[in-house]
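data-v4.cif, holding mmCIF, C-alpha atoms and all ligand atoms:
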```cif
data_run
#
loop_
_atom_site.label_atom_id
_atom_site.label_comp_id
_atom_site.auth_asym_id
_atom_site.auth_seq_id
_atom_site.Cartn_x
_atom_site.Cartn_y
_atom_site.Cartn_z
CA MET A 19 3.46 -64.84 3.87
CA THR A 20 2.09 -66.38 7.00
CA ALA A 21 -1.55 -67.12 7.61
CA ILE A 22 -3.23 -64.71 10.00
CA THR A 23 -4.10 -67.71 12.16
CA GLU A 24 -0.39 -68.20 12.86
CA LEU A 25 -0.04 -64.81 14.54
CA GLU A 26 0.55 -65.11 18.24
CA THR A 27 -2.02 -63.22 20.27
CA PRO A 28 -2.58 -60.57 21.34
CA ALA A 29 -1.66 -59.04 17.97
CA VAL A 30 -2.57 -55.62 16.63
CA THR A 31 -3.63 -56.07 13.02
CA VAL A 32 -4.47 -53.56 10.34
CA HIS A 33 -6.81 -54.72 7.59
CA LEU A 34 -5.04 -53.33 4.55
CA ASP A 35 -8.03 -53.11 2.20
CA VAL A 36 -10.08 -51.31 4.86
CA MET A 37 -7.26 -48.85 5.55
CA ALA A 38 -6.69 -48.20 1.83
CA ASP A 39 -10.42 -47.42 1.46
CA ASN A 40 -10.31 -45.11 4.49
CA ILE A 41 -7.33 -43.21 3.03
CA ARG A 42 -9.01 -42.90 -0.38
CA ARG A 43 -12.41 -41.88 1.02
CA VAL A 44 -11.05 -39.15 3.30
CA GLN A 45 -8.79 -37.77 0.56
CA ALA A 46 -11.67 -37.68 -1.95
CA HIS A 47 -13.97 -36.03 0.61
CA LEU A 48 -11.51 -33.25 1.45
CA THR A 49 -10.57 -32.71 -2.20
CA ARG A 50 -14.28 -32.41 -3.04
CA HIS A 51 -14.55 -29.67 -0.41
CA GLY A 52 -11.47 -27.86 -1.70
CA LEU A 53 -9.50 -28.55 1.48
CA GLY A 54 -5.90 -29.63 1.84
CA ASN A 55 -5.62 -33.01 3.59
CA ARG A 56 -2.94 -32.98 6.29
CA PRO A 57 -3.29 -36.33 8.09
CA HIS A 58 -2.14 -36.56 11.69
CA ILE A 59 0.39 -39.39 11.93
CA LYS A 60 0.04 -39.84 15.71
CA THR A 61 -2.64 -42.43 14.94
CA HIS A 62 -0.29 -44.89 13.21
CA LYS A 63 3.28 -43.63 13.88
CA ILE A 64 4.36 -45.72 10.85
CA PRO A 65 6.22 -43.97 8.00
CA ALA A 66 5.00 -46.45 5.37
CA ILE A 67 1.40 -45.50 6.14
CA GLY A 68 2.30 -41.81 6.00
CA GLN A 69 3.74 -42.47 2.54
CA MET A 70 0.45 -44.05 1.46
CA GLN A 71 -1.42 -40.96 2.68
CA MET A 72 0.96 -38.69 0.77
CA ALA A 73 0.64 -40.83 -2.36
CA ALA A 74 -3.16 -40.51 -2.11
CA GLY A 75 -2.89 -36.71 -2.30
CA ALA A 76 -2.17 -35.30 1.16
CA VAL A 77 -0.55 -31.85 1.13
CA GLY A 78 1.68 -32.77 4.06
CA ILE A 79 1.52 -34.40 7.47
CA THR A 80 0.76 -33.32 11.02
CA CYS A 81 2.87 -34.45 13.98
CA GLN A 82 2.18 -33.89 17.66
CA LYS A 83 5.69 -34.38 19.02
CA LEU A 84 9.21 -33.53 17.93
CA GLY A 85 10.17 -37.21 18.15
CA GLU A 86 7.49 -38.02 15.58
CA VAL A 87 8.81 -35.35 13.24
CA GLU A 88 12.33 -36.79 13.63
CA VAL A 89 11.23 -40.31 12.73
CA PHE A 90 9.13 -39.15 9.77
CA ALA A 91 11.88 -36.80 8.55
CA ASP A 92 14.38 -39.69 8.65
CA ALA A 93 11.99 -41.67 6.46
CA LYS A 94 11.46 -38.65 4.16
CA VAL A 95 7.70 -39.06 4.28
CA ALA A 96 6.76 -35.44 3.51
CA ASP A 97 8.38 -32.13 2.59
CA ASP A 98 5.65 -30.26 4.41
CA VAL A 99 5.19 -30.93 8.13
CA LEU A 100 3.02 -29.16 10.70
CA LEU A 101 3.98 -29.64 14.36
CA THR A 102 0.92 -28.90 16.49
CA TYR A 103 2.51 -28.53 19.90
CA ASN A 104 4.00 -25.71 21.99
CA ILE A 105 7.78 -26.35 21.92
CA LEU A 106 9.62 -25.11 25.01
CA GLY A 107 13.09 -25.36 26.52
CA ALA A 108 16.62 -25.28 25.15
CA ALA A 109 16.88 -28.99 24.31
CA LYS A 110 13.63 -29.06 22.36
CA THR A 111 14.15 -25.76 20.54
CA GLU A 112 17.58 -27.01 19.41
CA ARG A 113 16.01 -30.21 18.09
CA LEU A 114 13.41 -28.12 16.32
CA MET A 115 16.09 -26.01 14.64
CA ALA A 116 17.91 -29.15 13.48
CA LEU A 117 14.61 -30.31 11.95
CA ALA A 118 13.98 -26.93 10.35
CA ARG A 119 17.20 -27.47 8.38
CA ARG A 120 16.11 -30.91 7.21
CA VAL A 121 12.39 -30.55 6.49
CA PRO A 122 11.84 -28.29 3.46
CA ARG A 123 8.69 -26.77 4.99
CA LEU A 124 8.24 -27.10 8.73
CA THR A 125 5.45 -25.06 10.36
CA VAL A 126 5.03 -24.75 14.12
CA VAL A 127 2.10 -23.64 16.25
CA PHE A 128 1.99 -21.84 19.57
CA ASP A 129 -0.56 -20.18 21.81
CA ASN A 130 1.57 -17.95 24.02
CA GLU A 131 4.28 -15.35 24.03
CA VAL A 132 6.81 -17.41 26.03
CA VAL A 133 6.98 -20.02 23.27
CA ALA A 134 6.98 -17.36 20.55
CA ARG A 135 9.96 -15.60 22.10
CA GLU A 136 11.94 -18.84 22.66
CA LEU A 137 11.36 -19.98 19.09
CA SER A 138 12.26 -16.57 17.73
CA ALA A 139 15.51 -16.44 19.72
CA ALA A 140 16.48 -19.94 18.55
CA ALA A 141 15.57 -19.22 14.92
CA ALA A 142 17.54 -15.95 14.98
CA ARG A 143 20.55 -17.70 16.55
CA HIS A 144 20.47 -20.32 13.78
CA HIS A 145 19.69 -17.82 11.00
CA LEU A 146 16.51 -19.72 10.20
CA ASP A 147 13.00 -18.64 9.32
CA LEU A 148 10.10 -20.49 10.96
CA GLU A 149 6.52 -20.32 9.75
CA PHE A 150 3.92 -20.40 12.51
CA LEU A 151 0.18 -20.72 13.11
CA VAL A 152 -1.53 -19.36 16.21
CA GLU A 153 -3.42 -22.08 18.04
CA CYS A 154 -6.98 -21.10 18.95
CA ASP A 155 -9.22 -22.76 21.53
CA THR A 156 -12.56 -22.81 19.77
CA GLY A 157 -14.39 -24.90 22.35
CA PHE A 158 -12.26 -27.96 23.24
CA ARG A 159 -10.82 -26.24 26.33
CA ARG A 160 -7.29 -27.59 25.93
CA THR A 161 -4.54 -25.36 24.53
CA GLY A 162 -5.12 -22.29 22.37
CA VAL A 163 -5.69 -18.59 22.81
CA GLN A 164 -9.11 -17.95 24.28
CA THR A 165 -10.47 -15.16 22.08
CA PRO A 166 -10.12 -13.81 18.53
CA ASP A 167 -8.57 -10.66 20.02
CA GLU A 168 -5.89 -12.74 21.72
CA ALA A 169 -5.18 -14.57 18.45
CA PHE A 170 -4.76 -11.26 16.69
CA ALA A 171 -2.58 -9.80 19.45
CA LEU A 172 -0.28 -12.84 19.60
CA ALA A 173 0.10 -12.96 15.82
CA ARG A 174 0.90 -9.23 15.71
CA LEU A 175 3.50 -9.58 18.45
CA ALA A 176 5.13 -12.70 16.98
CA ARG A 177 5.24 -11.27 13.43
CA LYS A 178 7.55 -8.58 14.70
CA LEU A 179 9.97 -11.06 16.29
CA PRO A 180 13.00 -12.10 14.24
CA GLY A 181 12.90 -15.48 12.55
CA LEU A 182 9.11 -15.94 12.74
CA HIS A 183 6.65 -15.74 9.85
CA PHE A 184 2.91 -15.67 10.45
CA LYS A 185 1.02 -18.13 8.25
CA GLY A 186 -2.35 -18.42 9.92
CA LEU A 187 -4.58 -19.99 12.54
CA MET A 188 -5.32 -23.52 13.71
CA THR A 189 -7.76 -25.25 16.04
CA PHE A 190 -8.72 -28.71 17.24
CA PRO A 191 -11.36 -29.97 16.83
CA ASN A 192 -13.81 -28.04 14.65
CA ARG A 193 -16.97 -27.37 16.63
CA ASP A 194 -20.13 -25.97 15.22
CA PRO A 195 -20.89 -23.06 15.69
CA ASP A 196 -18.03 -22.03 18.06
CA THR A 197 -15.17 -22.62 15.60
CA ARG A 198 -16.91 -20.77 12.77
CA GLU A 199 -17.77 -17.80 14.98
CA PHE A 200 -14.25 -17.65 16.46
CA PHE A 201 -12.56 -17.73 13.06
CA GLU A 202 -15.02 -15.28 11.47
CA ARG A 203 -14.28 -12.73 14.17
CA ALA A 204 -10.52 -13.37 14.13
CA LEU A 205 -10.28 -13.15 10.33
CA ALA A 206 -12.16 -9.84 10.38
CA LEU A 207 -9.52 -8.42 12.74
CA PHE A 208 -6.66 -9.54 10.49
CA LYS A 209 -8.45 -8.16 7.43
CA GLN A 210 -8.98 -4.78 9.09
CA ASP A 211 -5.25 -4.59 9.71
CA GLY A 212 -4.33 -5.82 6.22
CA ILE A 213 -2.56 -8.97 7.52
CA PRO A 214 -3.02 -11.93 5.16
CA VAL A 215 -4.03 -15.27 6.72
CA PRO A 216 -3.21 -17.88 4.07
CA VAL A 217 -3.75 -20.93 6.32
CA VAL A 218 -6.75 -21.79 8.50
CA SER A 219 -6.26 -25.33 9.76
CA GLY A 220 -9.07 -27.38 11.30
CA GLY A 221 -9.07 -30.94 12.52
CA GLY A 222 -10.66 -34.06 13.92
CA THR A 223 -12.12 -37.27 12.48
CA PRO A 224 -15.76 -36.78 13.53
CA ALA A 225 -15.44 -33.20 12.20
CA LEU A 226 -14.79 -34.58 8.69
CA ALA A 227 -18.55 -34.95 8.34
CA THR A 228 -19.16 -31.22 8.85
CA VAL A 229 -16.27 -29.51 7.02
CA ASP A 230 -18.78 -27.66 4.80
CA ARG A 231 -19.89 -25.64 7.83
CA PHE A 232 -16.48 -23.96 8.12
CA PRO A 233 -15.94 -22.18 4.79
CA MET A 234 -12.84 -20.33 6.03
CA LEU A 235 -10.79 -23.53 6.47
CA THR A 236 -7.97 -24.13 4.01
CA GLU A 237 -6.94 -27.55 5.31
CA HIS A 238 -8.07 -30.34 7.61
CA ARG A 239 -6.06 -32.54 9.96
CA ALA A 240 -7.63 -35.90 10.74
CA GLY A 241 -5.76 -38.79 12.32
CA THR A 242 -8.03 -41.52 13.62
CA CYS A 243 -9.86 -41.98 10.30
CA VAL A 244 -6.94 -43.92 8.82
CA TYR A 245 -7.93 -46.84 11.07
CA ASN A 246 -11.20 -45.75 12.80
CA ASP A 247 -12.21 -47.15 16.18
CA ALA A 248 -15.15 -47.62 18.55
CA MET A 249 -15.22 -43.92 19.42
CA VAL A 250 -15.49 -42.92 15.77
CA VAL A 251 -18.26 -45.49 15.21
CA SER A 252 -20.11 -44.12 18.25
CA SER A 253 -19.86 -40.63 16.74
CA GLY A 254 -21.71 -41.94 13.69
CA THR A 255 -18.90 -41.18 11.25
CA ALA A 256 -17.74 -44.74 10.50
CA THR A 257 -19.12 -48.28 10.52
CA TRP A 258 -17.56 -51.32 12.17
CA ASP A 259 -16.55 -52.58 8.73
CA GLN A 260 -14.55 -49.38 8.23
CA CYS A 261 -12.43 -50.08 11.33
CA ALA A 262 -9.06 -51.22 10.00
CA MET A 263 -7.35 -51.82 13.35
CA ARG A 264 -8.44 -55.00 15.08
CA VAL A 265 -6.75 -56.61 18.04
CA ARG A 266 -6.65 -60.37 17.65
CA ALA A 267 -7.08 -61.94 21.05
CA THR A 268 -7.53 -65.50 22.28
CA VAL A 269 -10.25 -66.61 24.67
CA VAL A 270 -8.04 -68.06 27.41
CA SER A 271 -10.74 -68.80 29.99
CA ARG A 272 -14.51 -69.33 30.26
CA PRO A 273 -14.93 -69.38 34.06
CA THR A 274 -18.74 -69.14 33.90
CA ALA A 275 -21.46 -69.61 31.29
CA ASP A 276 -21.53 -65.83 30.64
CA ARG A 277 -17.93 -64.81 31.23
CA GLY A 278 -15.03 -65.12 28.81
CA VAL A 279 -11.51 -63.81 29.32
CA LEU A 280 -9.26 -62.61 26.49
CA ASP A 281 -5.47 -62.37 26.50
CA ALA A 282 -5.50 -58.63 25.67
CA GLY A 283 -5.75 -56.31 28.67
CA SER A 284 -5.01 -52.66 29.34
CA LYS A 285 -1.45 -53.16 28.07
CA VAL A 286 -2.88 -53.63 24.58
CA LEU A 287 -6.43 -52.26 24.44
CA THR A 288 -5.56 -49.42 26.89
CA SER A 289 -7.86 -48.08 29.59
CA ASP A 290 -9.26 -45.29 27.42
CA LEU A 291 -12.98 -45.36 28.01
CA TYR A 292 -14.13 -41.82 27.17
CA HIS A 293 -17.90 -41.97 26.95
CA MET A 294 -17.96 -45.65 25.90
CA LYS A 295 -19.58 -48.34 28.04
CA GLY A 296 -16.97 -51.04 27.40
CA TYR A 297 -13.34 -51.42 26.36
CA GLY A 298 -13.81 -52.42 22.75
CA HIS A 299 -16.12 -54.09 20.27
CA VAL A 300 -15.83 -57.82 19.58
CA MET A 301 -16.48 -58.20 15.85
CA GLU A 302 -17.58 -61.85 16.03
CA TYR A 303 -19.87 -61.23 19.04
CA PRO A 304 -21.32 -57.72 18.59
CA GLU A 305 -23.56 -58.05 21.66
CA ALA A 306 -20.62 -58.93 23.92
CA HIS A 307 -19.62 -56.38 26.54
CA VAL A 308 -15.89 -55.93 27.29
CA ALA A 309 -16.61 -55.10 30.91
CA HIS A 310 -13.25 -54.92 32.72
CA LEU A 311 -9.59 -54.89 31.89
CA SER A 312 -6.64 -55.81 34.00
CA GLU A 313 -3.17 -55.52 32.56
CA GLU A 314 -3.24 -58.77 30.58
CA HIS A 315 -6.89 -59.83 30.74
CA ALA A 316 -10.10 -58.54 29.21
CA VAL A 317 -13.19 -59.79 31.03
CA VAL A 318 -16.03 -60.09 28.56
CA ASP A 319 -19.70 -60.56 29.39
CA PHE A 320 -21.25 -62.77 26.69
CA SER A 321 -24.67 -63.00 28.37
CA ALA A 322 -26.40 -61.04 25.59
CA CYS A 323 -24.95 -63.31 22.86
CA ALA A 324 -26.88 -66.24 21.40
CA ALA A 325 -23.63 -68.09 20.65
CA ARG A 326 -20.59 -67.99 22.92
CA PRO A 327 -16.92 -68.68 22.20
CA LYS A 328 -14.97 -71.70 23.33
CA VAL A 329 -11.60 -71.60 25.11
CA GLY A 330 -8.95 -71.25 22.40
CA GLU A 331 -11.13 -69.31 19.96
CA VAL A 332 -9.59 -66.15 18.51
CA VAL A 333 -11.68 -62.98 18.25
CA ASN A 334 -11.06 -59.54 16.73
CA VAL A 335 -11.59 -56.54 18.98
CA VAL A 336 -11.96 -53.01 17.62
CA PRO A 337 -10.41 -50.86 20.35
CA ASN A 338 -12.06 -47.73 21.76
CA HIS A 339 -9.16 -45.48 20.78
CA CYS A 340 -6.79 -46.80 18.12
CA CYS A 341 -4.20 -43.99 18.46
CA VAL A 342 -3.17 -45.10 21.94
CA VAL A 343 -3.15 -48.81 21.04
CA THR A 344 -0.55 -47.91 18.40
CA ASN A 345 1.77 -46.76 21.16
CA MET A 346 1.48 -50.06 23.07
CA VAL A 347 3.14 -52.49 20.66
CA ASP A 348 6.43 -52.81 18.78
CA GLU A 349 4.80 -54.08 15.59
CA VAL A 350 1.46 -54.04 13.86
CA TYR A 351 0.57 -56.57 11.20
CA GLY A 352 -0.91 -55.59 7.85
CA VAL A 353 -3.35 -58.34 6.84
CA ARG A 354 -5.42 -59.16 3.77
CA ASN A 355 -7.48 -62.19 2.77
CA GLY A 356 -6.39 -64.15 5.81
CA ARG A 357 -2.65 -63.60 5.22
CA VAL A 358 -0.11 -61.41 6.99
CA GLU A 359 1.40 -59.25 4.22
CA VAL A 360 3.62 -57.02 6.32
CA ALA A 361 4.91 -56.54 9.86
CA TRP A 362 5.45 -52.82 10.40
CA PRO A 363 7.61 -51.64 13.28
CA VAL A 364 5.77 -48.77 14.97
CA ALA A 365 8.74 -46.52 14.28
CA ALA A 366 7.63 -43.52 16.33
CA ARG A 367 6.31 -45.62 19.20
CA GLY A 368 7.13 -43.96 22.50
CA ARG A 369 8.45 -40.81 20.80
CA VAL A 370 6.53 -38.56 23.16
CA GLN A 371 9.25 -35.96 23.74
C1 LIG A 401 -3.93 -30.92 17.12
C2 LIG A 401 -4.66 -32.09 16.57
N1 LIG A 401 -5.00 -32.10 15.27
C3 LIG A 401 -5.64 -33.15 14.72
C4 LIG A 401 -5.98 -34.26 15.48
C5 LIG A 401 -6.66 -35.41 14.81
O1 LIG A 401 -7.89 -35.71 15.38
P1 LIG A 401 -8.59 -37.12 15.16
O2 LIG A 401 -7.72 -38.14 15.77
O3 LIG A 401 -9.93 -36.98 15.77
O4 LIG A 401 -8.68 -37.34 13.70
C6 LIG A 401 -5.67 -34.28 16.85
C7 LIG A 401 -6.03 -35.42 17.69
O5 LIG A 401 -5.71 -35.54 18.84
C8 LIG A 401 -4.99 -33.17 17.41
O6 LIG A 401 -4.65 -33.12 18.71
#
```
Spell out the structure here as C-alpha cells.
Amino acid sequence: MTAITELETPAVTVHLDVMADNIRRVQAHLTRHGLGNRPHIKTHKIPAIGQMQMAAGAVGITCQKLGEVEVFADAKVADDVLLTYNILGAAKTERLMALARRVPRLTVVFDNEVVARELSAAAARHHLDLEFLVECDTGFRRTGVQTPDEAFALARLARKLPGLHFKGLMTFPNRDPDTREFFERALALFKQDGIPVPVVSGGGTPALATVDRFPMLTEHRAGTCVYNDAMVVSSGTATWDQCAMRVRATVVSRPTADRGVLDAGSKVLTSDLYHMKGYGHVMEYPEAHVAHLSEEHAVVDFSACAARPKVGEVVNVVPNHCCVVTNMVDEVYGVRNGRVEVAWPVAARGRVQ
C-alpha cells in the first residue's frame, strides 16, 4: 500500500470510511421508511462500489445508459436493474434485448409512444418480455409525461403492445408538493381502471431528506449520496466531512499574495457550476474561493484565509458535482488513514451511449 502523499496530482480520491458510512446511512434511512434502495451508479461507474451498495441492502441498481448496464452486467453487480432512459433506434434496442437475456430482471422506462412501440417490436421479435415504468415529469421539466392523464394513457397503450409489461411510474427528482399531487392523481386513475401499480420510483439525493412526504413511493433512487459533493452540502443534506470524493491537487503557483493556482482544472473538477459561487471547496482552506478554471489550472482566491498555502502544498478539493468528475479520470483511489488501499478503474467511464 502506498502512502496517499505518493499519489501524483491531480488525483481523484475516495475516502473509504466516509463512503462506507454514506452507504450505510442511506440504506438505513430508506429501510426505516419502508422504501427499496435502488442506488444510481452513474455517480461512481465502478462495479466494486455497486457491489458494496448491494451488500448493504439495495434492492437493485439504477443505470442511466445502456453502456453502464453492459459494464455492470459483465461484473454481475445486480440481478435487478432499472434503466432510466428512453432507448431509441435499432442499434440500441438490439443491445437492450441482448441485456434483457443476461440480466434476470431488467426494467426500462419511457415517456412516449415512439419508444414504447420500438421496444415492443424488438421484444416481440426476440420473444422477450420487458417490464416498464412510465416516466413522469413532476416539476423538473426534463423528460417525462406532463400530466397524470398522459401517464395513464401511455401506460394503457403500452400495456396492450406485445412484449411489454406495465410495472409502474417513476420521476426525478421528488418535489414537494408537485410530485405527491401528480402521483396521487395518476394513481387514482389507475385504481379506477383496476390497473395495479406495484412500483412508484422516486429519486434524488437532496430528496432523501423528505421521502416521508411521498407515501406512495415504493423505492428511491439516489446517486450522489454515495460520495456527496459541494452541491449536496449547499442543499443542507450533507456536511463537508460526509464528502467522500476529494480531488488532491498541488499548489503549483502563488503569483500574488492572495492568488494560488492548483494543478486541477476543468479537465478534472469540471465546469459544472449550477448555483454555486466557486468550482469546489478546499477542505484545508474553507474560506478560499475557487474562482476560475482553465483546462489544467484552478485559480484560487485565498484573500479571506488567515493562513495561505505555499507552492508545493497539496490540498483536497470537494468538487461541485462528483458524478461528472467520475467521468473525467481513468482511475479513482480508495484511501484510508493516509494510505491508498485500492486503485479502481472507472469501468463505465465514457459509456454514454
Ligand atoms: C433518473 C435519475 N434518477 C436518480 C438520479 C439520482 O439523483 P442524485 O444524483 O441527486 O442522487 C438521477 C440523477 O441525475 C437521475 O437522473
Near ligand LIG 401 (chain A), 8 Å: chain A residue rows, closest pairs, only C-alpha atoms and all ligand atoms, as a Markdown table:
```
| residue | atom | partner | partner_atom | distance |
| --- | --- | --- | --- | --- |
| A:Pro57 | CA | A:LIG401 | C5 | 7.6 |
| A:His58 | CA | A:LIG401 | C5 | 5.6 |
| A:Lys60 | CA | A:LIG401 | C7 | 7.8 |
| A:Thr61 | CA | A:LIG401 | O2 | 6.7 |
| A:Thr80 | CA | A:LIG401 | N1 | 7.3 |
| A:Gln82 | CA | A:LIG401 | C1 | 6.8 |
| A:Thr102 | CA | A:LIG401 | C1 | 5.3 |
| A:Tyr103 | CA | A:LIG401 | C1 | 7.4 |
| A:Thr189 | CA | A:LIG401 | C1 | 6.9 |
| A:Phe190 | CA | A:LIG401 | C1 | 5.3 |
| A:Pro191 | CA | A:LIG401 | O1 | 6.9 |
| A:Gly220 | CA | A:LIG401 | N1 | 7.4 |
| A:Gly221 | CA | A:LIG401 | C3 | 4.6 |
| A:Gly222 | CA | A:LIG401 | O3 | 3.5 |
| A:Thr223 | CA | A:LIG401 | O4 | 3.7 |
| A:Pro224 | CA | A:LIG401 | O3 | 6.2 |
| A:Ala225 | CA | A:LIG401 | O3 | 7.6 |
| A:Arg239 | CA | A:LIG401 | C3 | 4.8 |
| A:Ala240 | CA | A:LIG401 | O4 | 3.5 |
| A:Gly241 | CA | A:LIG401 | O4 | 3.5 |
| A:Thr242 | CA | A:LIG401 | O2 | 4.0 |
| A:Cys243 | CA | A:LIG401 | O4 | 5.9 |
| A:Cys341 | CA | A:LIG401 | O2 | 7.3 |
```
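Distance annotation: of A:Leu207, A:Arg135, A:Leu287, A:Pro166, the residue with the minimal separation from Glu313 in chain A is A:Leu287; atom set is all atoms listed in the file.
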Q.
So that I can see what lies close to Ala91 in chain A, please list as number ranges by chain the residues with an atom at most 9 Å from it, counting all atoms listed in the file and leaving out residues fewer than 5 positions away in the same chain.
A. A: 86, 96-97, 99, 117, 120-121
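Minimum atom-to-atom distance to Arg177 in chain A, evaluated using only C-alpha atoms, belongs to A:Val152 out of A:Thr161, A:Gly330, A:Tyr297, A:Val152.
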Requested in this report: Give as a VMD selection string each residue that has an atom at most 7 Å from (-1.2, -55.1, 24.9) in the file, counting only C-alpha atoms.
Outcome: chain A and resid 28 282 to 287 346 to 347
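Going from CA of Asp35 in chain A over to CA of Gly68 in chain A, you cover 15.8 Å.
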Item checked: Shell of 12 Å around Asp155 in chain A, only C-alpha atoms, local chain residues under 4 positions omitted, as a list in words -> Phe128, Asp129, Arg159, Arg160, Thr161, Gly162, Val163, Gln164, Thr165, Pro166, Glu168, Ala169, Leu187, Met188, Thr189, Phe190, Pro191, Asn192, Arg193, Asp196, Thr197, Arg198, Glu199, Phe200, Phe201 and Gly220 of chain A
Excluding Ala173 in chain A and its own-chain neighbours fewer than 5 positions away, which residues fall within 10 Å of it when counting all atoms listed in the file? Please give them as a PDB file with C-alpha atoms, in the frame of the given file.
```
ATOM      1  CA  PHE A 128       1.990 -21.840  19.570  1.00  0.00           C
ATOM      2  CA  ASP A 129      -0.560 -20.180  21.810  1.00  0.00           C
ATOM      3  CA  ASN A 130       1.570 -17.950  24.020  1.00  0.00           C
ATOM      4  CA  GLU A 131       4.280 -15.350  24.030  1.00  0.00           C
ATOM      5  CA  ALA A 134       6.980 -17.360  20.550  1.00  0.00           C
ATOM      6  CA  PHE A 150       3.920 -20.400  12.510  1.00  0.00           C
ATOM      7  CA  LEU A 151       0.180 -20.720  13.110  1.00  0.00           C
ATOM      8  CA  VAL A 152      -1.530 -19.360  16.210  1.00  0.00           C
ATOM      9  CA  ASP A 167      -8.570 -10.660  20.020  1.00  0.00           C
ATOM     10  CA  GLU A 168      -5.890 -12.740  21.720  1.00  0.00           C
ATOM     11  CA  LYS A 178       7.550  -8.580  14.700  1.00  0.00           C
ATOM     12  CA  LEU A 182       9.110 -15.940  12.740  1.00  0.00           C
ATOM     13  CA  HIS A 183       6.650 -15.740   9.850  1.00  0.00           C
ATOM     14  CA  PHE A 184       2.910 -15.670  10.450  1.00  0.00           C
ATOM     15  CA  LYS A 185       1.020 -18.130   8.250  1.00  0.00           C
ATOM     16  CA  GLY A 186      -2.350 -18.420   9.920  1.00  0.00           C
ATOM     17  CA  LEU A 187      -4.580 -19.990  12.540  1.00  0.00           C
ATOM     18  CA  PHE A 208      -6.660  -9.540  10.490  1.00  0.00           C
ATOM     19  CA  ILE A 213      -2.560  -8.970   7.520  1.00  0.00           C
TER      20      ILE A 213
END
```
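Compared by their closest atoms to Val364 in chain A, and using only C-alpha atoms, the residues A:Gly296, A:Pro65, A:Gly54, A:Pro233 rank with A:Pro65 nearest.
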With distances taken over all atoms listed in the file, the candidate from A:Arg113, A:His339, A:Arg203, A:Arg357 nearest Cys261 in chain A is A:His339
Just the residues within 10 Å of Tyr245 in chain A, please, counting all atoms listed in the file, with nothing from its chain fewer than 5 positions along; format it as a ChimeraX atom specification.
-> /A:32-34,36-41,61-62,250,260-264,336,339-341
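Going from CA of Val77 in chain A to CA of Ala365 in chain A covers 21.8 Å.
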